[in-house]
Structures are given as C-alpha cells and as structure tokens.
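Q: A single structure is presented below for examination.
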Amino acid sequence: MKFDHPIFQRLRAGCLTVVVLLMLGCLLRPLEAPTWQQVQSGQPEFNLAGLEGALGQGILVSTLGGFRAIMADFLWIQANTVWEKRERAKFDSMLRLVTTIDPRPLFFWIHSARMIAYDVPHWRIREEGGYRAVPDSRQAEIDREQAEQAFALIRRALEFHPDHPHLYLEIGQIYLNRLDDPEQAAPWFLRASEQANAPYYAARIYAELLRRQGKNPQALEYLQGLYHRLPDHDPRAQKMIILERIRELEELLGVKGESQFKPQLMPDTKFIH
Amino acid sequence: MAESAISIRNVTKDFPVGISGKKLRAVDGLVLEVRDNEIFGLLGPNGSGKSTTIKIVLGLLEPSHGECAIFGKPSRSVAARQRVGFLPESPYFYRYLSGRELVSYYARLCGVNKDKLDAAVDSVIELVGMQEAAHRRVGTYSKGMLQRIGLAQAIVHDPRLIILDEPTAGVDPLGAAAIADIVRELKARGKTILLSSHLLAQIEGLCDRVAILHRGKLVREGRIDELVTDPEADCLVVEGLDPAGHAAVQQVIEAKGGRLLRIEKPRLSLDAFFLKEVHQREREHAVVSADQEDYP
Amino acid sequence: MSFQSPRRIRLIAGNTFLEAVRQRFFNSVLLIALALIASSTFFQQFDFGSSELKFIADFGFGALFFFGSILAITVTTQLFFNEMENRTALTMLAKPVHKFDFLAGKLLGVQLLMLAFTSLLSLVLLGILFWRETGLMGQMGPDAFSEGRMVRYMDILTFGFLQWLKFGLLSAVTLFVASFSNTNIYTIIVSFCILVVCQLQYIAREAYADMAPGPARLLVQGLGLIFPNFQLFNVGDQLLLTSQEGLPAVTVLQISLYACVYIVAFLLLAHLSFRRREI
C-alpha cells in the first residue's frame with residue numbers, strides 16, 4: 001500500500017488528532033472533574049422522565065444544551081398566557097414542565113403553588129356553574145383538592161430547597177387562607193420560623209394561630225421565649241407588638257404582679273434556635 | 001564566484017488530484033540559477049509552472065523532489081525570507097488601510113526597526129511615485145497604483161532578492177514603463193530581481209537573462225541577446241540610399257561572399273512608439289500649462 | 001516560532017481586529033444582541049417582582065451565549081478564508097512570518113473582537129439589571145430587599161470573562177477545522193456541530209458510568225474525553241444572586257486554566273495541520 005496516498009494521509013491526520021485530544025482529555029481530567037463537580041452541585045439533577053411529554057417541542061436539546069434557565073423562563077411566560085386563557089390541563093402540565101426544567105428558582109414553585117391553590121379552584125367553580133350554583137360542600141371539596149395538589153408541588157420543591165422558609169410559609173398560608181384550618185396551618189408557620197433567614201412574622205403568626213385555637217398558655221410561653229430571641233435594634237422584629245400580645249395574654253390568663261413577664265434589654269442576638 | 005541568489009536543483013512538484021491518488025506534475029526536474037544582482041525573467045505560457053516555481057522559491061510550497069536555496073539558505077526556512085521581497089500577481093491588500101499604513105504594517109512584520117520605519121516607508125513610497133496617494137485608503141486605488149504600492153511593500157525592508165509575479169499585468173504601458181524604471185533602479189542599488197511574465201515585449205527591454213518554461217520543464221535559458229539574435233546574419237541600418245545605392249551595396253555583399261536576404265524599414269516596437277508619442281504630448285502639455293499660468 | 005514571534009503575532013492580531021470590526025456581520029450581530037438585551041425590560045409588564053431580575057439576567061446570558069457563539073465561529077472562519085481567497089495570506093507568508101505567527105495572530109485578533117463584544121454586552125446587561133433593581137427596590141419596599149441588593153454585579157463580570165474564554169476555545173476549534181478545510185461553509189457547519197457536541201458531552205460522561213463494560217462504554221467514555229466540556233462555563237445562574245452560594249474563586253481559576261490549555265492545544269493542532277497546507 002502506498003503510504004502517501006491522500007486517503008491514508010487524511011486517515012493518519014484524523015487518528016493523530018483523536019489520539020492527541022484523548023490524551024489531553026485524560027491529562028485534564030484531574031483538573032476538570034472536581035471543577036465539574038463544583039459546577040454541577042449548583043445545578044440540580046436533570047429529570048429526563050419529567051420532560052418526556054415535551055420532547056417533541058425541541059425543548060430537550062435546548063435544555064440539555066445549556067439554555068435551561070432561559071427555556072424555563074420562556075415557558076413560564078407561556079404558562080402565564082395559558083393562565084389568562086384558563087386552559088387548566090395545559091396550565092397544569094406547563095407548571096410541572098417549568099419546575100422540572102429548572103427547579104432552582106423558588107419563584108416558579110411558589111407562584112405555581114399559589115395559582116394551583118387560589119386561582120384554579122375559582123376556575124373550576126366557574127366551570128361548574130359559579131359560586132351561587134355550586135354548593136358550599138362542593139366548593140370546599142374543590143378547595144381541598146387543589147390545596148393538596150399545591151402541597152404536592154411544594155413537597156417536590158422541598159426536595160430541592162429543604163431549608164427555605166417561604167415554602168413552609170406557603171403551605172401554612174394555604175391551610176390558613178384557603179382552607180381556613182389554623183390547626184393544620186400552625187405547625188407549618190412554626191417550621192418556617194425555625195429556618196435560617198425566616199421572616200419575623202412567621203413566628204408571630206404561629207403564636208396568633210395558637211391563640212385562635214384557644215391554646216393561650218402555649219401562646220404566652222412561646223411569645224415570652226420569642227421576645228428574648230428577637231434582636232432589639234431590628235424594627236422588623238417588632239418587639240413592641242410581641243410585648244403587647246404578651247400583656248394581652250397575661251390579662252386573659254390572669255397573670256399578675258411578679259409572675260408577669262419582665263422584658264429585659266439583651267444584646268442583639270441572631271434570630272436562630 | 002558570488003553566491004547565487006536563487007539555486008534550484010532538480011526540483012519536481014506534483015499536486016494530488018482528488019483522492020484517487022493521481023498526480024499533476026507542475027514542475028519537472030527544474031535546474032536554474034539566478035545570479036546575484038541580475039534581472040532574471042521567468043517566461044512561459046499559462047500553466048507552465050512559473051507561479052509554482054516562485055512559490056517553491058518562497059517556501060510556500062514544498063517540492064516533491066529536489067532542493068531550492070536563497071543565498072545558500074534552504075528556501076523552506078523562514079530565515080531565508082528575511083532578505084526576500086515579493087509582489088504577488090494581481091495583488092489584493094487590506095482595503096481599509098492607507099497606502100502608508102499598509103507599507104508600514106508589512107515593514108514591521110519584516111522586522112524594520114521603529115526608529116527607521118518612517119524613513120524606510122517614505123523612501124519606498126517616493127521610489128514608486130505614490131507620495132500623493134499614500135494617505136488614501138488602498139480601496140480607492142487603481143490597478144496601477146495597487147501594483148506600485150505592492151512594489152513598495154515588497155522592498156520596504158531593503159531585501160536583497162525581489163520576486164515580482166506578473167508585475168505589469170493589467171497595467172497600461174505608461175505604468176509598465178514606470179515599473180520597469182523602478183526595477184532598473186533596484187538593480188542599480190545592487191538588488192537581484194526575479195520577475196515572471198507572459199508580456200514578452202516588456203520583459204525584453206528589462207531582463208539580463210531569461211528562462212522559458214513549458215509544461216513544467218525548462219526549455220531555454222540564457223541572455224536575451226544570445227537567445228533572440230541570429231548568429232549567422234548581420235543587420236545594417238542605413239540612411240539616404242536610393243534603389244541604385246541598394247543594388248550597389250548588394251553587389252559588394254555578394255562580392256565578399258555574403259547574401260543580401262532582405263531590405264526592410266527599421267521598426268520601433270509598438271511599446272516604444274507609444275511611449276515616445278505619449279511622452280512628447282506630455283512635454284507639450286506641460287509647456288502650454290506653464291504658459292497659461294504665466295499669462296492667464 | 002522565533003523570538004520576534006510575539007511582536008508579529010501582536011501586529012497580525014491588531015490588523016485582524018481592525019478588519020473584523022469593519023465587518024457588517026459583526027456590527028449587525030452586535031446591534032441585535034444589544035437590542036435583545038435591552039428588550040428584556042419588557043419583563044416589567046409581567047410584574048414578577050424581584051424575580052424579574054432573574055428573567056433579565058437569563059435573557060442576557062442567553063443572548064451572550066447565542067450570539068457570541070455565532071460570532072466566534074463565523075468571524076474566525078471569515079477572517080481566515082478572506083486571507084486565503086484574497087491571497088493576502090500569500091503576501092504575508094512570503095515574508096519572514098511563521099505559519100504559527102499567522103494563526104496565533106488571527107486567533108488573538110478574534111479574541112480581541114470577542115472581548116469587545118462580551119464586555120459591551122455584559123456592561124449593558126449590568127446597567128439594565130442595576131436600573132431595574134433600583135426601580136424594584138423603590139417599588140417593593142425594604143422588606144423585599146432586606147439583605148441589600150440581590151444581584152452580584154462583580155460576579156456577572158466574572159461570568160462574562162468565562163464566556164469570553166469559552167468563545168476563545170470555540171474560535172480555536174474553528175481555526176483548527178479551517179486549517180484543513182477548503183470552504184467556509186464546511187468549516188462553519190463542522191464547528192457548529194462540535195459546539196453542540198461540546199455542550200452535550202457531559203451526558204455521555206454521565207451515561208457511561210451506568211453502562212456495562214464493552215465497546216459502547218469505551219466509545220461513550222472516549223467522546224467524553226475528546227470533546228471539551230462547555231457546560232463548565234455555564235455558571236451564570238450560580239453567580240447571579242447574593243442568595244446563592246456563588247462560585248469559589250479557585251473554581252473560576254480552574255475553569256480559566258481548562259480553557260487556556262484547550263485553546264493552546266487546538267492552536268497547536270491547527271498549526272500542525274496548516275503547516276502542510278499549500279497556499
């Protein structure tokens with residue numbers, strides 16, 4: 001065989017290139033692997049199964065190819081359009097698709113849960129004839145069904161954001177505002193208040209819910225502990241309001257004199273347990 | 001003996017045709033020497049291997065067989081090109097640069113020192129007669145101006161060997177004559193010039209020696225006078241002879257053993273005639289313009 | 001190469017940059033990319049609250065990636081083949097200029113162009129984010145921005161820098177393809193295919209871990225080694241917000257080193273191929 005034949009020369013050049021790149025890849029692997037691990041840790045694992053339904057829309061390639069965030073953003077805007085048209089089935093699948101493609105933004109989870117829990121029941125009641133035609137029991141049933149769907153979504157969100165207080169708050173608020181169930185809502189506000197960087201109002205609402213359930217002694221004890229944990233110089237902590245609630249409860253429970261709560265000025269402490 | 005400027009020894013160049021393994025032989029066993037400080041013409045029809053030979057000399061192509069050297073250095077080495085200037089056929093330059101910027105760019109690429117740069121650029125621009133257009137963008141230049149600025153970039157770094165590929169192609173006779181003058185000037189400065197062309201009339205008055213290529217092979221090589229003159233015959237140019245005088249001369253020639261082959265009028269080449277007429281008109285126009293300026 | 005090569009490379013790079021910025025294609029793409037980023041202000045209409053900033057950033061990052069990739073490939077191809085077709089490469093290489101100097105100068109020139117492109121887009125994106133964040137802070141009150149500004153502005157510049165390095169790597173790959181290709185269109189198509197493979201090669205990496213030993217696994221493993229991993233540069237989401245952990249400086253350095261090694265490698269491969277090319 002002639003070794004200067006053009007085909008042989010091209011094959012040789014191609015093989016040399018592949019070998020050089022292979023060797024380079026192997027040499028760089030000790031540098032690349034930990035770097036990739038670090039980068040990947042900021043990107044949740046890809047749930048291919050969740051995208052099956054959308055494969056035909058070319059979403060898969062663009063998502064895999066690094067346009068994940070922007071794909072999710074565009075689908076979210078599309079979901080908003082579907083929301084305006086009240087196409088329930090499509091709306092549902094779009095919300096799940098968005099949160100599957102990019103589970104990182106909390107915004108998608110919380111707003112999806114709110115739309116499912118607050119808006120969709122309204123649509124369903126309208127579909128069934130409106131508030132006057134649909135019996136209260138049926139309305140409550142619809143509210144409960146939608147709330148459960150919202151809870152399921154938020155539980156999925158908690159797999160990606162286990163420590164985020166707003167997810168627990170959202171569950172609590174759905175129980176409270178949509179299902180009017182302070183007993184079920186209270187533990188969620190407590191859990192929210194226990195997370196790092198939780199908003200101060202979570203604890204206040206928990207205490208208020210205890211009061212609504214008639215658990216005044218527990219509410220008082222909780223508020224007394226809360227008062228000492230809150231920082232003095234952060235106006236958002238609203239320590240004066242906490243103190244007012246404590247005094248109201250003491251009056252309600254007949255706590256007088258020495259037994260009354262004594263607010264002491266303590267150094268600014270971080271609001272964590 | 002002075003070192004040859006270019007030494008080509010048994011150079012053959014084959015080009016592969018497609019992926020079938022067939023080859024096209026562009027240069028076939030070429031042996032050629034270009035001496036120092038001469039103007040050497042490389043002639044031949046299209047496809048004879050002139051451009052391929054020039055590219056081998058410049059190290060842009062590797063010969064399939066044989067060797068080529070410039071002043072003793074292998075032509076493939078970059079160092080060999082340090083003292084070589086090249087003007088390609090139908091040159092194309094960066095249109096957005098001015099003539100001065102272009103020459104300056106190539107000068108710096110060739111390693112001309114910053115402190116000598118301006119002087120070198122000014123000098124070659126003056127030599128090629130582009131002083132007035134040097135500030136304009138190359139994109140606005142005519143064909144002749146492009147050739148001249150191309151010549152400037154080829155010589156700005158003061159090379160010993162200058163290679164010109166079809167330097168007068170597409171240029172009018174006036175422009176070609178100007179380029180020929182520049183080439184003579186370069187030779188006077190001690191340079192060696194290799195130029196390739198198929199415009200034979202322009203080569204004839206310029207080159208010391210020529211080589212003729214055909215289908216990649218060297219056909220003839222030597223001084224022009226030796227190649228084109230008939231050693232067996234002589235040419236006498238006479239004036240003022242009538243037909244009786246012609247007959248008398250013929251008798252003398254025959255008496256001395258010779259034979260009068262033909263009597264014809266001496267001819268100027270068309271190039272030379274054209275230049276003579278145009279230069280005369282230019283001189284007359286200059287005189288008229290000067291008179292009009294003096295007496296408006 | 002010689003000791004004069006760095007100077008020649010700089011000269012060629014400067015001229016390449018001058019040629020590139022005059023190209024209509026570059027100016028069109030730049031304008032479109034800027035317009036696209038500026039149009040992200042329309043997200044205001046959706047009233048996303050502070051999440052609008054994420055939308056704007058994602059849009060900006062996407063435009064940078066999309067248009068930057070197109071530019072890196074097409075400009076490199078165009079500048080290379082312009083030199084070949086116009087034979088200005090002939091004039092240059094007839095001078096005492098190494099072929100390596102020529103290639104490196106071209107690559108550096110394109111990198112200068114991409115630096116201008118990336119910087120401009122990043123600054124415009126930063127400007128829009130800053131403006132919208134200021135607007136949202138006024139609109140939504142202190143509670144929503146209790147920890148101060150949400151956007152990490154310096155880290156967005158870091159992201160821009162990493163994208164610039166990625167474009168450099170893409171240009172080096174394109175230059176390598178151009179060094180043995182005969183036409184622009186072939187170079188562009190092959191380079192785009194390589195871009196797609198490099199974006200997706202991490203899937204091969206993850207797949208081979210689950211495969212049974214055999215030729216298929218070897219092939220997939222090989223793909224993961226041969227093609228650089230472009231997903232390494234896809235860190236915009238992690239760098240954007242102060243609420244996220246961010247990327248350690250050492251990781252940024254590692255990604256930069258990875259890019260630089262590959263750029264040099266592809267440049268050397270291009271040189272090996274171009275060395276044998278007959279001009």
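Chain labels A, B, ... are given in the sequence in which chains occur in the structure tokens; within each chain residues are numbered consecutively from 1, and ligands are likewise numbered from 1 in the order shown.
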Considering only C-alpha atoms, give me a table of residues in chain B that are at most 7 Å from chain C, with the closest atom pair and distance in Å for each, as JSON lines.

A:
{"residue": "B:Leu58", "atom": "CA", "partner": "C:Ala94", "partner_atom": "CA", "distance": 5.9}
{"residue": "B:Leu60", "atom": "CA", "partner": "C:Ile279", "partner_atom": "CA", "distance": 6.2}
{"residue": "B:Leu61", "atom": "CA", "partner": "C:Glu278", "partner_atom": "CA", "distance": 5.6}
{"residue": "B:Val78", "atom": "CA", "partner": "C:Pro96", "partner_atom": "CA", "distance": 5.1}
{"residue": "B:Ala79", "atom": "CA", "partner": "C:Pro96", "partner_atom": "CA", "distance": 6.4}
{"residue": "B:Arg81", "atom": "CA", "partner": "C:Pro96", "partner_atom": "CA", "distance": 5.0}
{"residue": "B:Gln82", "atom": "CA", "partner": "C:Pro96", "partner_atom": "CA", "distance": 5.2}
{"residue": "B:Phe86", "atom": "CA", "partner": "C:Ala94", "partner_atom": "CA", "distance": 6.6}
{"residue": "B:Pro88", "atom": "CA", "partner": "C:Thr91", "partner_atom": "CA", "distance": 6.7}
{"residue": "B:Tyr92", "atom": "CA", "partner": "C:Asn86", "partner_atom": "CA", "distance": 6.0}
{"residue": "B:Phe93", "atom": "CA", "partner": "C:Thr88", "partner_atom": "CA", "distance": 6.3}
{"residue": "B:Leu109", "atom": "CA", "partner": "C:Arg8", "partner_atom": "CA", "distance": 5.8}
{"residue": "B:Cys110", "atom": "CA", "partner": "C:Pro96", "partner_atom": "CA", "distance": 6.1}

Q: Skip stretch 181-185 of chain C itself and residues of its chain fewer than 3 positions away, then list as a VMD selection string all residues within 8 Å of it, counting only C-alpha atoms.

A: chain C and resid 77 to 78 81 177 to 178 188 to 189

Q: Create the file for the chosen residues now, containing N, CA, C and O atoms and written as a PDB file, in the first residue's frame.

A:
ATOM      1  N   THR C  77     -13.965  32.006  10.871  1.00  0.00           N
ATOM      2  CA  THR C  77     -13.979  31.400   9.536  1.00  0.00           C
ATOM      3  C   THR C  77     -13.771  32.459   8.455  1.00  0.00           C
ATOM      4  O   THR C  77     -12.945  32.295   7.558  1.00  0.00           O
ATOM      5  N   GLN C  78     -14.535  33.535   8.566  1.00  0.00           N
ATOM      6  CA  GLN C  78     -14.479  34.571   7.539  1.00  0.00           C
ATOM      7  C   GLN C  78     -13.092  35.190   7.453  1.00  0.00           C
ATOM      8  O   GLN C  78     -12.544  35.378   6.363  1.00  0.00           O
ATOM      9  N   PHE C  81     -10.595  32.620   5.854  1.00  0.00           N
ATOM     10  CA  PHE C  81     -10.770  32.350   4.434  1.00  0.00           C
ATOM     11  C   PHE C  81     -10.638  33.607   3.570  1.00  0.00           C
ATOM     12  O   PHE C  81     -10.271  33.509   2.399  1.00  0.00           O
ATOM     13  N   VAL C 177     -10.405  23.542  12.452  1.00  0.00           N
ATOM     14  CA  VAL C 177     -11.194  22.991  11.343  1.00  0.00           C
ATOM     15  C   VAL C 177     -10.846  23.715  10.040  1.00  0.00           C
ATOM     16  O   VAL C 177     -10.660  23.104   8.993  1.00  0.00           O
ATOM     17  N   ALA C 178     -10.713  25.033  10.124  1.00  0.00           N
ATOM     18  CA  ALA C 178     -10.401  25.832   8.923  1.00  0.00           C
ATOM     19  C   ALA C 178      -9.034  25.458   8.347  1.00  0.00           C
ATOM     20  O   ALA C 178      -8.817  25.544   7.142  1.00  0.00           O
ATOM     21  N   ILE C 188     -17.874  26.212   8.987  1.00  0.00           N
ATOM     22  CA  ILE C 188     -18.927  26.708   9.881  1.00  0.00           C
ATOM     23  C   ILE C 188     -19.810  25.565  10.361  1.00  0.00           C
ATOM     24  O   ILE C 188     -20.110  25.450  11.562  1.00  0.00           O
ATOM     25  N   ILE C 189     -20.194  24.695   9.448  1.00  0.00           N
ATOM     26  CA  ILE C 189     -21.101  23.600   9.826  1.00  0.00           C
ATOM     27  C   ILE C 189     -20.419  22.659  10.811  1.00  0.00           C
ATOM     28  O   ILE C 189     -20.990  22.297  11.848  1.00  0.00           O
TER      29      ILE C 189
END

Q: When you get a sec, could you note down which chain A residues fall within 6 Å of chain C, using only C-alpha atoms, as a PyMOL selection string?

A: chain A and resi 21-22+25+35+65+70

Q: Could you pull out the residues in stretch 98-141 of chain A that DSSP calls helix (DSSP H, G or I) from the backbone, as a VMD selection string?

A: chain A and resid 98 to 101 106 to 127 136 to 141

Q: Near chain B, meaning an atom within 8 Å, which residues of chain A appear when counting only C-alpha atoms? Write them as a list in words.

A: His5, Pro6 and Ile7 of chain A

Q: Can you pull out every residue within 10 Å of A:Phe151, counting only C-alpha atoms, but drop anything in the same chain fewer than 2 positions away, and send it as a list in words?

A: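 So the residues in contact are Ala113, Ile116, Ala117, Glu145, Gln146, Ala147, Glu148, Gln149, Leu153, Ile154, Arg155, Arg156, Ala157, Leu167, Tyr168, Glu170, Ile171, Gly172, Ile174 and Tyr175 of chain A.
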
Q: Show me, as a VMD selection string, the residues that have an atom within 12 Å of A:Leu252 when counting only C-alpha atoms, minus same-chain residues fewer than 2 positions from it.

A: chain A and resid 211 214 to 217 219 to 220 245 to 250 254 to 256

Q: Could you tell me how far atom CA of B:Glu204 sits from atom CA of B:Leu30, in Å to one decimal place?

A: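 These two atoms are separated by 22.6 Å.
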
Q: For atom CA of A:Ile241 and atom CA of C:Met150, quote the distance in Å rounded to one decimal.

A: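 Taking atom CA of A:Ile241 as the start and atom CA of C:Met150 as the end point, the length is 29.2 Å.
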
Q: Would you work out the distance separating atom CA of B:Ser64 from atom CA of B:Leu194, expressed in Å to one decimal?

A: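 Atom-to-atom, atom CA of B:Ser64 and atom CA of B:Leu194 are spaced 22.4 Å apart.
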
Q: For A:Tyr201, list every protein, DNA or RNA residue within 10 Å, evaluated using only C-alpha atoms, and leave out those in the same chain fewer than 4 positions away; present the list as a PyMOL selection string.

A: chain A and resi 189+192-193+205-207+236-238

Q: Any idea what's packed within 8 Å of C:Leu71, counting only C-alpha atoms, ignoring anything in its chain fewer than 5 positions away? Could you give it as a VMD selection string?

A: chain C and resid 26 29 76 114
